[in-house]
Amino acid sequence: MEDLAKSDTWRVFRIMSELVEGFEALNNIGPAVTVFGSARAEPGSPSYNTCLRVAENLARNGFAVISGGGSGIMEAANKGAQNANGISVGLNIELPMEQEPNAFQDIRVEFRYFFVRKLMFVKYAVGYIIFPGGFGTMDELFEALTLIQTGKIRGFPVVLVGSAYWKGLIDWLKATVLSHGSISPEDIDLIHIVDDPEEVSDIILRRYRDRTSAVPQDRRDRSRRGI
């Protein structure tokens with residue numbers, strides 16, 4: 001038990017070092033959008049190509065693009081940001097199957113702990129864009145919705161790309177979860193479902209402009225200076 005206690009104590013320092021490294025790496029990237037989706041999406045597939053266009057549009061509008069740093073949709077997000085001369089960020093995670101970082105990252109941060117990486121995804125984001133994906137993608141989706149629903153973070157747009165893919169989930173939320181009283185109608189309204197890449201960017205840009213215009217100029221100036 002004593003050895004375990006020592007191990008847990010030292011683990012705290014490892015966690016602290018990941019937090020510090022993440023904060024220092026991302027502190028000056030400006031407004032960013034985090035993109036999630038399957039690592040299994042092949043280059044040239046519809047989801048991959050749509051993500052490229054979305055990331056390019058975001059970068060052209062001044063947003064940094066953050067992904068999980070791996071293959072598939074993550075690669076498309078980082079590549080699209082670089083194509084448009086934007087800031088491309090990859091938050092890589094150590095996995096037993098050895099996730100390979102993609103080659104399109106301007107800023108690359110390595111994490112051992114999922115929960116620290118998740119903090120970085122949400123802390124610097126002014127929006128989440130969710131492409132078709134599996135358990136990890138669903139995890140990030142529902143964590144963001146929970147944080148917004150409970151007021152733990154300031155609300156931002158959560159955009160699901162691909163209506164055919166997401167329709168079954170949304171129908172279930174409305175027909176079962178909502179009717180059961182487990183969520184409220186306004187919780188459903190937190191989600192946008194979009195197919196057109198330009199519409200994705202428009203939603204993010206419109207909400208960001210609304211958000212910044214509501215903040216007094218002196219507070220925006222202090223925020224830029226890190227006060």
# chains A, B, ... in the order shown; residues from 1 in each chain; ligands from 1
$ closest_atom_pairs --of "region 139-174 of chain A" --to "region 127-135 of chain A" --cutoff "10 Å" --atoms "only C-alpha atoms" --output "JSON lines"
{"residue": "A:Asp139", "atom": "CA", "partner": "A:Phe135", "partner_atom": "CA", "distance": 6.0}
{"residue": "A:Glu140", "atom": "CA", "partner": "A:Ile130", "partner_atom": "CA", "distance": 8.7}
{"residue": "A:Leu141", "atom": "CA", "partner": "A:Ile130", "partner_atom": "CA", "distance": 7.1}
{"residue": "A:Ala144", "atom": "CA", "partner": "A:Tyr128", "partner_atom": "CA", "distance": 8.1}
{"residue": "A:Gly155", "atom": "CA", "partner": "A:Gly127", "partner_atom": "CA", "distance": 8.7}
{"residue": "A:Phe156", "atom": "CA", "partner": "A:Gly127", "partner_atom": "CA", "distance": 5.2}
{"residue": "A:Pro157", "atom": "CA", "partner": "A:Gly127", "partner_atom": "CA", "distance": 5.0}
{"residue": "A:Val158", "atom": "CA", "partner": "A:Tyr128", "partner_atom": "CA", "distance": 4.8}
{"residue": "A:Val159", "atom": "CA", "partner": "A:Ile129", "partner_atom": "CA", "distance": 4.8}
{"residue": "A:Leu160", "atom": "CA", "partner": "A:Ile130", "partner_atom": "CA", "distance": 4.8}
{"residue": "A:Val161", "atom": "CA", "partner": "A:Phe131", "partner_atom": "CA", "distance": 5.1}
{"residue": "A:Gly162", "atom": "CA", "partner": "A:Phe131", "partner_atom": "CA", "distance": 6.9}
{"residue": "A:Ser163", "atom": "CA", "partner": "A:Pro132", "partner_atom": "CA", "distance": 9.6}
{"residue": "A:Ala164", "atom": "CA", "partner": "A:Pro132", "partner_atom": "CA", "distance": 9.7}
{"residue": "A:Tyr165", "atom": "CA", "partner": "A:Pro132", "partner_atom": "CA", "distance": 6.5}
{"residue": "A:Trp166", "atom": "CA", "partner": "A:Pro132", "partner_atom": "CA", "distance": 7.6}
$ write_last_selection --atoms "C-alpha atoms" --output "mmCIF file, in the first residue's frame"
data_model
loop_
_atom_site.group_PDB
_atom_site.id
_atom_site.type_symbol
_atom_site.label_atom_id
_atom_site.label_comp_id
_atom_site.auth_asym_id
_atom_site.auth_seq_id
_atom_site.Cartn_x
_atom_site.Cartn_y
_atom_site.Cartn_z
ATOM 1 C CA ASP A 139 -17.658 10.690 -25.452
ATOM 2 C CA GLU A 140 -16.433 14.140 -26.471
ATOM 3 C CA LEU A 141 -19.872 15.081 -27.831
ATOM 4 C CA ALA A 144 -19.410 19.034 -24.146
ATOM 5 C CA GLY A 155 -22.096 27.757 -24.152
ATOM 6 C CA PHE A 156 -20.688 27.368 -27.632
ATOM 7 C CA PRO A 157 -22.034 25.760 -30.806
ATOM 8 C CA VAL A 158 -21.876 21.973 -31.041
ATOM 9 C CA VAL A 159 -22.207 21.087 -34.717
ATOM 10 C CA LEU A 160 -22.807 17.543 -35.941
ATOM 11 C CA VAL A 161 -21.764 17.102 -39.567
ATOM 12 C CA GLY A 162 -23.653 14.489 -41.586
ATOM 13 C CA SER A 163 -27.395 14.313 -41.002
ATOM 14 C CA ALA A 164 -27.683 10.744 -42.296
ATOM 15 C CA TYR A 165 -25.149 9.534 -39.727
ATOM 16 C CA TRP A 166 -26.553 11.420 -36.739
#
$ residues_around --residues "region 199-212 of chain A" --least-positions-apart "5" --cutoff "12 Å" --atoms "only C-alpha atoms" --output "ChimeraX atom specification"
/A:31-35,50-51,53-63,65,125-131,154-162,191-194,217-221,223
$ select_by_dssp --residues "region 5-113 of chain A" --states "alpha helix (DSSP H)" --output "MDAnalysis selection string"
chainID A and resid 5:26 46:60 73:83
$ write_last_selection --atoms "C-alpha atoms" --output "PDB file, in the first residue's frame"
ATOM      1  CA  ALA A   5       0.573   5.753  -2.281  1.00  0.00           C
ATOM      2  CA  LYS A   6       3.959   6.953  -3.476  1.00  0.00           C
ATOM      3  CA  SER A   7       3.073   6.073  -7.040  1.00  0.00           C
ATOM      4  CA  ASP A   8      -0.161   8.058  -6.845  1.00  0.00           C
ATOM      5  CA  THR A   9       1.671  11.031  -5.362  1.00  0.00           C
ATOM      6  CA  TRP A  10       4.203  11.113  -8.181  1.00  0.00           C
ATOM      7  CA  ARG A  11       1.397  10.672 -10.706  1.00  0.00           C
ATOM      8  CA  VAL A  12       0.040  14.029  -9.544  1.00  0.00           C
ATOM      9  CA  PHE A  13       3.258  15.689 -10.676  1.00  0.00           C
ATOM     10  CA  ARG A  14       2.998  14.006 -14.069  1.00  0.00           C
ATOM     11  CA  ILE A  15      -0.549  15.337 -14.398  1.00  0.00           C
ATOM     12  CA  MET A  16       0.606  18.810 -13.377  1.00  0.00           C
ATOM     13  CA  SER A  17       3.365  18.755 -15.979  1.00  0.00           C
ATOM     14  CA  GLU A  18       0.878  17.854 -18.726  1.00  0.00           C
ATOM     15  CA  LEU A  19      -1.408  20.685 -17.651  1.00  0.00           C
ATOM     16  CA  VAL A  20       1.430  23.209 -17.665  1.00  0.00           C
ATOM     17  CA  GLU A  21       2.724  22.017 -21.027  1.00  0.00           C
ATOM     18  CA  GLY A  22      -0.746  22.238 -22.556  1.00  0.00           C
ATOM     19  CA  PHE A  23      -1.449  25.704 -21.169  1.00  0.00           C
ATOM     20  CA  GLU A  24       1.884  27.053 -22.376  1.00  0.00           C
ATOM     21  CA  ALA A  25       1.544  25.533 -25.845  1.00  0.00           C
ATOM     22  CA  LEU A  26      -2.006  26.753 -26.483  1.00  0.00           C
ATOM     23  CA  PRO A  46     -16.794  11.984 -48.148  1.00  0.00           C
ATOM     24  CA  SER A  47     -16.275  12.703 -44.429  1.00  0.00           C
ATOM     25  CA  TYR A  48     -12.547  13.323 -44.905  1.00  0.00           C
ATOM     26  CA  ASN A  49     -13.097  15.700 -47.817  1.00  0.00           C
ATOM     27  CA  THR A  50     -15.872  17.575 -46.030  1.00  0.00           C
ATOM     28  CA  CYS A  51     -13.643  18.000 -42.990  1.00  0.00           C
ATOM     29  CA  LEU A  52     -10.865  19.391 -45.186  1.00  0.00           C
ATOM     30  CA  ARG A  53     -13.238  22.054 -46.520  1.00  0.00           C
ATOM     31  CA  VAL A  54     -14.587  22.889 -43.067  1.00  0.00           C
ATOM     32  CA  ALA A  55     -11.090  23.299 -41.608  1.00  0.00           C
ATOM     33  CA  GLU A  56      -9.991  25.438 -44.544  1.00  0.00           C
ATOM     34  CA  ASN A  57     -13.017  27.693 -44.075  1.00  0.00           C
ATOM     35  CA  LEU A  58     -12.367  28.010 -40.355  1.00  0.00           C
ATOM     36  CA  ALA A  59      -8.716  28.897 -40.895  1.00  0.00           C
ATOM     37  CA  ARG A  60      -9.592  31.524 -43.489  1.00  0.00           C
ATOM     38  CA  ILE A  73     -10.869  13.088 -39.501  1.00  0.00           C
ATOM     39  CA  MET A  74      -8.136  14.390 -37.218  1.00  0.00           C
ATOM     40  CA  GLU A  75      -5.689  14.418 -40.102  1.00  0.00           C
ATOM     41  CA  ALA A  76      -8.198  16.113 -42.387  1.00  0.00           C
ATOM     42  CA  ALA A  77      -8.803  18.852 -39.801  1.00  0.00           C
ATOM     43  CA  ASN A  78      -5.100  19.581 -39.365  1.00  0.00           C
ATOM     44  CA  LYS A  79      -4.392  19.380 -43.086  1.00  0.00           C
ATOM     45  CA  GLY A  80      -7.249  21.718 -43.934  1.00  0.00           C
ATOM     46  CA  ALA A  81      -6.006  24.293 -41.432  1.00  0.00           C
ATOM     47  CA  GLN A  82      -2.515  24.181 -42.930  1.00  0.00           C
ATOM     48  CA  ASN A  83      -3.892  24.380 -46.478  1.00  0.00           C
TER      49      ASN A  83
END
$ closest_residue --among "A:Ala64, A:Ile29, A:Ile153, A:Val89" --to "Lys123 (chain A)" --atoms "only C-alpha atoms"
A:Ile153
$ closest_residue --among "A:Leu169, A:Ile93, A:Ile188, A:Ile66" --to "Tyr113 (chain A)" --atoms "only C-alpha atoms"
A:Ile93
$ atom_distance --atom1 "CA of Ala41 (chain A)" --atom2 "CA of Val122 (chain A)"
23.0 Å
$ atom_distance --atom1 "CA of Gly70 (chain A)" --atom2 "CA of Glu100 (chain A)"
5.9 Å
$ atom_distance --atom1 "CA of Asp106 (chain A)" --atom2 "CA of Asn92 (chain A)"
12.7 Å
$ closest_residue --among "A:Pro96, A:Gly37, A:Gly151, A:Gly90" --to "Met138 (chain A)" --atoms "only C-alpha atoms"
A:Gly37
